[in-house]
>>> print(open('model.txt').read())   # compact mmCIF, C-alpha atoms
# COMPACT_ATOMS: atom_id res chain seq x y z
CA MET A 1 106.27 116.42 114.32
CA ALA A 2 102.49 116.74 114.88
CA PHE A 3 99.70 114.45 113.73
CA GLY A 4 97.52 116.21 111.18
CA ASN A 5 95.52 115.61 108.04
CA GLN A 6 97.73 117.70 105.77
CA ILE A 7 100.80 115.60 106.55
CA ALA A 8 99.18 112.18 106.97
CA SER A 9 97.18 112.57 103.74
CA LYS A 10 100.47 112.36 101.84
CA THR A 11 100.84 108.68 102.72
CA MET A 12 100.19 105.95 100.18
CA HIS A 13 97.36 103.67 101.35
CA LEU A 14 97.49 99.93 100.65
CA MET A 15 94.50 97.67 101.24
CA HIS A 16 93.73 94.04 100.46
CA VAL A 17 91.05 93.61 97.79
CA PRO A 18 89.33 90.23 98.29
CA ASP A 19 88.10 88.00 95.51
CA TYR A 20 84.51 86.74 95.32
CA LYS A 21 85.23 83.55 97.26
CA GLU A 22 86.72 85.42 100.22
CA LEU A 23 83.80 87.85 100.28
CA GLU A 24 81.30 85.01 100.21
CA HIS A 25 83.12 83.20 103.02
CA SER A 26 83.34 86.41 105.04
CA PHE A 27 79.56 86.70 105.12
CA SER A 28 78.76 83.00 105.54
CA HIS A 29 81.44 81.67 107.91
CA CYS A 30 82.04 82.51 111.56
CA HIS A 31 85.24 84.52 111.94
CA ILE A 32 86.08 82.78 115.23
CA CYS A 33 85.48 79.07 114.61
CA LEU A 34 85.49 79.32 110.76
CA ARG A 35 82.40 77.10 110.51
CA LYS A 36 79.82 77.82 107.82
CA LYS A 37 76.53 79.02 109.33
CA SER A 38 73.25 79.91 107.67
CA ASN A 39 72.48 82.71 110.13
CA LEU A 40 75.35 84.61 111.67
CA THR A 41 74.53 86.79 114.67
CA LYS A 42 75.12 90.50 115.14
CA GLU A 43 78.29 91.34 117.02
CA HIS A 44 78.18 94.89 118.36
CA ILE A 45 81.48 96.76 117.86
CA PRO A 46 82.11 97.66 120.69
CA PRO A 47 79.69 95.65 122.91
CA ARG A 48 76.15 97.02 123.01
CA LYS A 49 76.27 97.93 126.70
CA ALA A 50 79.52 99.84 126.16
CA PHE A 51 77.42 102.84 125.03
CA ASN A 52 76.85 101.28 121.60
CA GLU A 53 73.10 100.77 121.58
CA ILE A 54 71.61 103.92 120.08
CA ASP A 55 70.88 104.91 116.49
CA ARG A 56 73.67 107.03 115.00
CA LYS A 57 74.66 108.41 111.63
CA TRP A 58 78.06 107.18 110.43
CA SER A 59 80.01 108.14 107.34
CA ARG A 60 81.85 105.64 105.15
CA PRO A 61 83.90 105.93 101.96
CA PHE A 62 82.10 105.88 98.64
CA PHE A 63 83.87 105.30 95.33
CA PHE A 64 82.33 106.10 91.95
CA LYS A 65 84.62 105.90 88.92
CA THR A 66 87.40 108.33 89.87
CA THR A 67 85.50 110.16 92.60
CA PHE A 68 86.11 109.50 96.29
CA SER A 69 83.63 110.91 98.80
CA ASN A 70 81.83 110.26 102.08
CA LEU A 71 78.43 108.61 102.26
CA THR A 72 76.32 109.11 105.39
CA SER A 73 74.01 106.32 106.55
CA SER A 74 72.00 105.58 109.68
CA VAL A 75 72.98 102.62 111.85
CA LYS A 76 70.13 101.41 114.04
CA GLY A 77 70.68 99.84 117.44
CA GLY A 78 74.42 100.41 117.55
CA GLN A 79 77.31 99.65 115.20
CA GLY A 80 77.94 95.98 114.46
CA VAL A 81 78.68 93.24 111.95
CA ARG A 82 77.17 89.81 111.27
CA THR A 83 80.31 87.71 111.25
CA LEU A 84 80.05 85.47 114.35
CA CYS A 85 77.97 82.35 114.93
CA GLU A 86 75.62 82.20 117.91
CA LYS A 87 77.81 79.80 119.90
CA CYS A 88 80.94 81.90 119.56
CA ASN A 89 79.10 85.17 120.09
CA THR A 90 77.01 84.24 123.13
CA THR A 91 78.45 81.10 124.73
CA ILE A 92 82.17 81.79 124.32
CA CYS A 93 82.57 85.55 123.95
CA ASP A 94 79.79 86.89 126.17
CA LYS A 95 82.00 86.86 129.29
CA TYR A 96 84.68 88.79 127.42
CA ALA A 97 82.16 91.44 126.41
CA HIS A 98 81.01 91.68 130.04
CA ALA A 99 84.60 92.34 131.19
CA TYR A 100 85.01 95.02 128.52
CA VAL A 101 81.77 96.71 129.58
CA GLU A 102 82.93 96.72 133.20
CA LEU A 103 86.11 98.53 132.19
CA VAL A 104 84.20 101.10 130.14
CA LYS A 105 81.75 101.81 132.95
CA GLN A 106 84.58 102.34 135.40
CA LEU A 107 86.25 104.74 132.99
CA VAL A 108 83.12 106.85 132.67
CA LYS A 109 82.68 107.00 136.45
CA LYS A 110 86.30 107.94 137.12
CA PRO A 111 86.68 111.62 138.04
CA THR A 112 90.47 111.46 137.86
CA ILE A 113 91.28 110.24 134.33
CA LEU A 114 92.31 113.78 133.38
CA ASP A 115 93.78 116.47 135.59
CA SER A 116 92.56 120.07 135.81
CA SER A 117 94.51 121.01 132.68
CA GLY A 118 93.03 118.16 130.63
CA GLU A 119 96.15 116.00 130.66
CA ALA A 120 96.12 112.27 131.38
CA ARG A 121 96.91 111.06 134.88
CA LEU A 122 97.47 107.62 136.40
CA PHE A 123 94.41 105.93 137.93
CA ASN A 124 93.33 102.44 139.04
CA VAL A 125 90.61 100.10 137.74
CA ASN A 126 89.49 96.66 138.94
CA ILE A 127 89.23 94.52 135.82
CA ASN A 128 90.02 91.19 134.17
CA PRO A 129 92.71 92.30 131.69
CA LEU A 130 92.95 88.91 129.98
CA TYR A 131 89.22 88.85 129.19
CA ILE A 132 89.37 92.42 127.93
CA ALA A 133 92.23 91.40 125.61
CA LYS A 134 90.07 88.51 124.39
CA GLU A 135 87.15 90.86 123.71
CA ILE A 136 89.45 93.16 121.76
CA ALA A 137 90.69 90.14 119.77
CA THR A 138 87.05 89.20 119.13
CA MET A 139 86.26 92.67 117.79
CA ILE A 140 89.31 92.63 115.53
CA LEU A 141 88.38 89.25 114.06
CA ALA A 142 84.75 90.35 113.65
CA VAL A 143 85.46 93.46 111.57
CA GLU A 144 88.17 91.90 109.43
CA LEU A 145 87.54 89.76 106.37
CA ILE A 146 87.67 85.99 106.84
CA GLY A 147 91.14 85.91 105.29
CA TYR A 148 92.56 87.71 108.31
CA ALA A 149 91.06 85.12 110.68
CA GLN A 150 92.54 82.32 108.57
CA HIS A 151 95.93 84.03 108.56
CA VAL A 152 96.16 84.40 112.36
CA PRO A 153 94.84 81.12 113.84
CA GLU A 154 96.64 81.90 117.12
CA LEU A 155 94.31 84.87 117.63
CA ARG A 156 91.22 82.69 117.08
CA ASN A 157 92.54 80.05 119.48
CA PHE A 158 93.19 82.79 122.03
CA VAL A 159 89.49 83.69 121.88
CA LEU A 160 88.23 80.09 121.90
CA ASN A 161 90.17 79.13 125.06
CA ASN A 162 89.21 81.38 127.97
CA ASN A 163 92.38 80.64 129.97
CA SER A 164 94.95 80.81 127.18
CA THR A 165 97.49 83.61 126.85
CA LEU A 166 99.16 84.90 123.72
CA VAL A 167 102.04 87.00 122.46
CA PRO A 168 100.00 88.79 119.77
CA PRO A 169 101.43 89.53 116.33
CA PHE A 170 100.78 93.26 116.91
CA LYS A 171 101.14 95.96 119.55
CA LEU A 172 97.96 97.12 121.24
CA TYR A 173 97.66 100.83 122.06
CA VAL A 174 94.70 102.43 123.84
CA PHE A 175 93.42 105.95 124.49
CA TRP A 176 90.49 107.90 125.95
CA VAL A 177 87.79 108.86 123.40
CA PRO A 178 85.77 111.97 124.32
CA ASN A 179 81.98 111.97 124.03
CA VAL A 180 81.67 114.27 121.03
CA PRO A 181 79.60 113.86 117.81
CA LYS A 182 82.59 113.24 115.51
CA ALA A 183 84.24 110.56 117.68
CA GLY A 184 84.12 106.92 116.58
CA THR A 185 86.38 105.09 114.11
CA ILE A 186 86.37 101.56 112.70
CA THR A 187 89.23 101.09 110.26
CA PRO A 188 90.22 97.46 109.54
CA PHE A 189 93.71 96.21 108.64
CA HIS A 190 95.49 98.31 106.03
CA ALA A 191 98.90 99.84 105.39
CA ARG A 192 100.22 103.35 104.85
CA VAL A 193 103.56 103.99 103.18
CA SER A 194 105.13 107.23 104.40
CA THR A 195 107.30 108.12 101.38
CA PHE A 196 106.09 111.75 101.33
CA ALA A 197 105.17 111.95 105.03
CA PRO A 198 108.06 110.57 107.12
CA GLY A 199 106.91 109.11 110.42
CA PHE A 200 103.37 108.31 109.27
CA ASP A 201 103.96 104.72 108.22
CA PHE A 202 101.33 102.35 109.60
CA ILE A 203 100.19 98.73 109.31
CA GLY A 204 97.16 97.76 111.36
CA GLY A 205 93.67 98.98 112.25
CA GLU A 206 91.64 100.97 114.75
CA ILE A 207 88.40 100.50 116.69
CA SER A 208 87.45 103.45 118.86
CA TRP A 209 84.25 104.68 120.48
CA PHE A 210 83.45 106.68 123.60
CA PRO A 211 85.13 106.29 126.05
CA PHE A 212 87.78 103.77 124.92
CA GLY A 213 89.70 103.29 121.70
CA PHE A 214 92.45 100.94 120.57
CA ILE A 215 94.90 100.48 117.72
CA TYR A 216 96.30 97.08 116.74
CA ALA A 217 99.54 98.02 115.06
CA TYR A 218 102.02 95.75 113.33
CA GLN A 219 103.94 98.92 112.53
CA ILE A 220 103.31 102.52 113.55
CA GLY A 221 105.35 105.66 112.92
CA ILE A 222 106.29 108.34 115.41
CA GLY A 223 104.07 110.87 113.65
CA TYR A 224 101.02 109.44 115.43
CA LYS A 225 102.15 110.84 118.80
CA LEU A 226 103.16 107.54 120.36
CA ASP A 227 103.77 109.29 123.67
CA LYS A 228 100.00 109.91 123.81
CA LEU A 229 99.12 106.22 123.36
CA THR A 230 99.20 103.61 126.14
CA ASP A 231 100.64 100.18 125.35
CA ILE A 232 98.58 97.38 126.97
CA THR A 233 99.90 94.50 124.85
CA GLU A 234 100.89 92.69 128.06
CA TRP A 235 97.21 92.17 128.88
CA PHE A 236 97.28 89.27 126.39
CA LEU A 237 99.68 87.52 128.78
CA GLU A 238 97.86 88.15 132.06
CA LYS A 239 96.52 85.27 134.15
CA ASN A 240 92.75 84.92 134.16
CA GLY A 241 91.04 86.80 137.00
CA ASN A 242 90.19 90.26 138.30
CA LYS A 243 93.08 92.54 139.17
CA ARG A 244 93.73 96.11 140.25
CA ILE A 245 95.43 97.71 137.24
CA SER A 246 97.08 101.11 137.03
CA LEU A 247 96.22 102.85 133.75
CA LYS A 248 96.85 106.14 132.03
CA LEU A 249 94.71 107.17 129.06
CA TYR A 250 95.38 110.20 126.89
CA PRO A 251 92.40 111.97 125.29
CA ARG A 252 92.20 111.86 121.48
CA ILE A 253 89.41 111.69 118.91
CA THR A 254 91.23 108.94 117.01
CA GLY A 255 94.48 107.03 117.09
CA VAL A 256 95.49 107.02 113.42
CA ASP A 257 92.32 108.40 111.77
CA SER A 258 90.49 106.97 108.78
CA THR A 259 91.20 107.14 105.07
CA GLN A 260 88.16 109.40 104.71
CA SER A 261 89.59 112.07 107.00
CA LEU A 262 93.02 111.87 105.43
CA LEU A 263 91.86 112.10 101.81
CA ILE A 264 88.67 114.17 101.96
CA GLY A 265 88.71 116.48 104.96
CA GLU A 266 87.98 116.90 108.63
CA ARG A 267 85.38 114.59 110.12
CA THR A 268 82.00 115.72 111.42
CA LYS A 269 80.64 112.34 112.51
CA PRO A 270 81.84 108.79 113.31
CA GLN A 271 83.60 107.05 110.44
CA ARG A 272 83.80 103.42 109.36
CA GLU A 273 85.61 101.70 106.52
CA PHE A 274 84.63 98.30 105.13
CA ILE A 275 84.88 96.53 101.80
CA LEU A 276 81.13 96.49 101.18
CA PRO A 277 78.21 98.35 102.81
CA THR A 278 76.34 95.05 103.15
CA ASP A 279 78.73 93.82 105.83
CA LEU A 280 77.26 96.40 108.21
CA VAL A 281 74.03 96.00 110.18
>>> encode(input="model.txt", output="structure tokens")
Amino acid sequence: MAFGNQIASKTMHLMHVPDYKELEHSFSHCHICLRKKSNLTKEHIPPRKAFNEIDRKWSRPFFFKTTFSNLTSSVKGGQGVRTLCEKCNTTICDKYAHAYVELVKQLVKKPTILDSSGEARLFNVNINPLYIAKEIATMILAVELIGYAQHVPELRNFVLNNNSTLVPPFKLYVFWVPNVPKAGTITPFHARVSTFAPGFDFIGGEISWFPFGFIYAYQIGIGYKLDKLTDITEWFLEKNGNKRISLKLYPRITGVDSTQSLLIGERTKPQREFILPTDLV
């Protein structure tokens, strides 16, 4: 069974529709500490120095009556959301972002991620896996609505305490994202029912951008080529500190793809999916 739009588009997509109160709280409360703040800061997704600092055109879903289409808009200064307070963003999470950037820079400099045939091969990186897991948790909380943060307090506590470990409520899969114009996906938590496309069930989300992408999956079907995804869930349980880690990353544009690609057609540019366009900066 191969991953493809024709098959995956036959899934039924389920997404939480927030009420007004949850939307208001999502744009006025920090998604890490849950405190109400008058001015939330911009959290780059991924971190700005992880090659997310230039102006780019992204597409997002646009609904009008019964019509579903893509809307292209320019994002200046890198993709991000205003959902974290200054203390959480800079004082607490800055060191996590630094660890993530270090990983990304090592990946770009590695000449041996892929072999001569373009297949993944095992290589080593010197990183702090626990801090990278905390940065990934930060990004997940930042792009989700406030209801998700309230529902998984253990994930927020994991971010707030720099030495804590966690058995996360999801599996974390990663992959290598090539540097091509259509790469880049931000798809928050949603579900796909695979009644007419066996093997393409999915509950979770994706954040991917050159050169590193990840899926946080509560459930994922075999149709998404699981043998081409690397499970790093154990990084949430690592002790704090730098380590030499063996890693194997398979090249793919996206892990599970966005609703836009599955329902409209092949992508030509990065794609993002949010409840409202105003939650993007």
>>> atom_distance(input="model.txt", atom1="CA of Leu40 in chain A", atom2="CA of Glu22 in chain A")
16.2 Å
>>> atom_distance(input="model.txt", atom1="CA of Gly77 in chain A", atom2="CA of Asn52 in chain A")
7.6 Å
>>> residues_around(input="model.txt", residues="Glu43 in chain A", least_positions_apart="6", cutoff="12 Å", atoms="all atoms listed in the file", output="ChimeraX atom specification")
/A:30-32,49,52-53,77-90,93-94,97,135,138-143,279-281
>>> atom_distance(input="model.txt", atom1="CA of Glu102 in chain A", atom2="CA of Leu226 in chain A")
26.3 Å
>>> closest_atom_pairs(input="model.txt", of="range 181-277 of chain A", to="range 109-117 of chain A", cutoff="9 Å", atoms="only C-alpha atoms", output="JSON lines")
{"residue": "A:Leu247", "atom": "CA", "partner": "A:Ile113", "partner_atom": "CA", "distance": 8.9}
{"residue": "A:Lys248", "atom": "CA", "partner": "A:Ile113", "partner_atom": "CA", "distance": 7.3}
{"residue": "A:Leu249", "atom": "CA", "partner": "A:Ile113", "partner_atom": "CA", "distance": 7.0}
{"residue": "A:Tyr250", "atom": "CA", "partner": "A:Leu114", "partner_atom": "CA", "distance": 8.0}
{"residue": "A:Pro251", "atom": "CA", "partner": "A:Leu114", "partner_atom": "CA", "distance": 8.3}
>>> closest_residue(input="model.txt", among="A:Asp257, A:Pro46, A:Leu172, A:Tyr96", to="Phe158 in chain A", atoms="all atoms listed in the file")
A:Tyr96
>>> closest_atom_pairs(input="model.txt", of="range 157-264 of chain A", to="range 15-20 of chain A", cutoff="12 Å", atoms="only C-alpha atoms", output="CSV")
residue,atom,partner,partner_atom,distance
A:Thr187,CA,A:Met15,CA,11.0
A:Pro188,CA,A:Met15,CA,9.3
A:Phe189,CA,A:Met15,CA,7.6
A:His190,CA,A:Met15,CA,4.9
A:Ala191,CA,A:Met15,CA,6.4
A:Arg192,CA,A:Met15,CA,8.8
A:Val193,CA,A:Met15,CA,11.2
A:Phe202,CA,A:Met15,CA,11.8
A:Ile203,CA,A:Met15,CA,9.9
A:Gly204,CA,A:Met15,CA,10.5
A:Gly205,CA,A:Met15,CA,11.1
A:Thr259,CA,A:Met15,CA,10.7
>>> residues_near_point(input="model.txt", point="(105.3, 106.9, 97.9)", cutoff="8 Å", atoms="all atoms listed in the file", output="PyMOL selection string")
chain A and resi 11-12+193-196
>>> closest_atom_pairs(input="model.txt", of="range 74-120 of chain A", to="range 207-222 of chain A", cutoff="9 Å", atoms="all atoms listed in the file", output="tab-separated table")
residue	atom	partner	partner_atom	distance
A:Val104	CA	A:Pro211	CA	6.7
A:Lys105	CA	A:Pro211	CA	8.9
A:Leu107	CA	A:Pro211	CA	7.2
A:Val108	CA	A:Pro211	CA	6.9
>>> closest_residue(input="model.txt", among="A:Leu166, A:Leu34, A:Leu103, A:Ala149", to="Lys134 in chain A", atoms="all atoms listed in the file")
A:Leu166
>>> residues_near_point(input="model.txt", point="(76.3, 77.1, 105.9)", cutoff="12 Å", atoms="all atoms listed in the file", output="list in words")
Glu24, His25, Ser26, Phe27, Ser28, His29, Cys30, Leu34, Arg35, Lys36, Lys37, Ser38, Asn39, Leu40 and Cys85 of chain A
>>> residues_around(input="model.txt", residues="Val75 in chain A", least_positions_apart="5", cutoff="7 Å", atoms="only C-alpha atoms", output="ChimeraX atom specification")
/A:55-58,281
>>> decode(input="model.txt", residues="range 74-91 of chain A", atoms="N, CA and C atoms", output="PDB file, in the first residue's frame")
ATOM      1  N   SER A  74       1.243  35.882   2.083  1.00  0.00           N
ATOM      2  CA  SER A  74       2.659  36.061   2.409  1.00  0.00           C
ATOM      3  C   SER A  74       2.849  36.089   3.916  1.00  0.00           C
ATOM      4  N   VAL A  75       3.856  35.396   4.394  1.00  0.00           N
ATOM      5  CA  VAL A  75       4.211  35.399   5.811  1.00  0.00           C
ATOM      6  C   VAL A  75       5.585  36.050   5.921  1.00  0.00           C
ATOM      7  N   LYS A  76       5.637  37.175   6.610  1.00  0.00           N
ATOM      8  CA  LYS A  76       6.883  37.933   6.708  1.00  0.00           C
ATOM      9  C   LYS A  76       7.692  37.510   7.934  1.00  0.00           C
ATOM     10  N   GLY A  77       8.981  37.362   7.750  1.00  0.00           N
ATOM     11  CA  GLY A  77       9.873  37.083   8.865  1.00  0.00           C
ATOM     12  C   GLY A  77       9.780  35.688   9.433  1.00  0.00           C
ATOM     13  N   GLY A  78       9.219  34.754   8.669  1.00  0.00           N
ATOM     14  CA  GLY A  78       9.135  33.379   9.139  1.00  0.00           C
ATOM     15  C   GLY A  78       7.787  33.046   9.747  1.00  0.00           C
ATOM     16  N   GLN A  79       7.388  31.801   9.608  1.00  0.00           N
ATOM     17  CA  GLN A  79       6.099  31.323  10.116  1.00  0.00           C
ATOM     18  C   GLN A  79       6.066  31.328  11.638  1.00  0.00           C
ATOM     19  N   GLY A  80       4.957  31.767  12.221  1.00  0.00           N
ATOM     20  CA  GLY A  80       4.856  31.779  13.676  1.00  0.00           C
ATOM     21  C   GLY A  80       3.449  32.074  14.155  1.00  0.00           C
ATOM     22  N   VAL A  81       3.257  31.977  15.459  1.00  0.00           N
ATOM     23  CA  VAL A  81       1.974  32.273  16.088  1.00  0.00           C
ATOM     24  C   VAL A  81       2.218  33.101  17.351  1.00  0.00           C
ATOM     25  N   ARG A  82       1.240  33.898  17.723  1.00  0.00           N
ATOM     26  CA  ARG A  82       1.326  34.682  18.967  1.00  0.00           C
ATOM     27  C   ARG A  82       0.484  33.994  20.035  1.00  0.00           C
ATOM     28  N   THR A  83       1.080  32.997  20.667  1.00  0.00           N
ATOM     29  CA  THR A  83       0.336  32.219  21.663  1.00  0.00           C
ATOM     30  C   THR A  83       1.136  31.983  22.944  1.00  0.00           C
ATOM     31  N   LEU A  84       2.346  32.548  23.050  1.00  0.00           N
ATOM     32  CA  LEU A  84       3.166  32.365  24.249  1.00  0.00           C
ATOM     33  C   LEU A  84       3.495  33.708  24.878  1.00  0.00           C
ATOM     34  N   CYS A  85       3.511  33.748  26.210  1.00  0.00           N
ATOM     35  CA  CYS A  85       3.902  34.977  26.898  1.00  0.00           C
ATOM     36  C   CYS A  85       5.424  35.127  26.829  1.00  0.00           C
ATOM     37  N   GLU A  86       5.904  36.325  27.133  1.00  0.00           N
ATOM     38  CA  GLU A  86       7.331  36.604  27.006  1.00  0.00           C
ATOM     39  C   GLU A  86       8.170  35.730  27.937  1.00  0.00           C
ATOM     40  N   LYS A  87       7.711  35.511  29.157  1.00  0.00           N
ATOM     41  CA  LYS A  87       8.479  34.704  30.102  1.00  0.00           C
ATOM     42  C   LYS A  87       8.636  33.265  29.598  1.00  0.00           C
ATOM     43  N   CYS A  88       7.532  32.670  29.168  1.00  0.00           N
ATOM     44  CA  CYS A  88       7.616  31.294  28.693  1.00  0.00           C
ATOM     45  C   CYS A  88       8.431  31.196  27.407  1.00  0.00           C
ATOM     46  N   ASN A  89       8.248  32.177  26.528  1.00  0.00           N
ATOM     47  CA  ASN A  89       8.907  32.131  25.227  1.00  0.00           C
ATOM     48  C   ASN A  89      10.414  32.353  25.330  1.00  0.00           C
ATOM     49  N   THR A  90      10.823  33.327  26.119  1.00  0.00           N
ATOM     50  CA  THR A  90      12.246  33.697  26.153  1.00  0.00           C
ATOM     51  C   THR A  90      12.986  33.113  27.359  1.00  0.00           C
ATOM     52  N   THR A  91      12.412  33.221  28.544  1.00  0.00           N
ATOM     53  CA  THR A  91      13.118  32.763  29.743  1.00  0.00           C
ATOM     54  C   THR A  91      13.140  31.241  29.859  1.00  0.00           C
TER      55      THR A  91
END
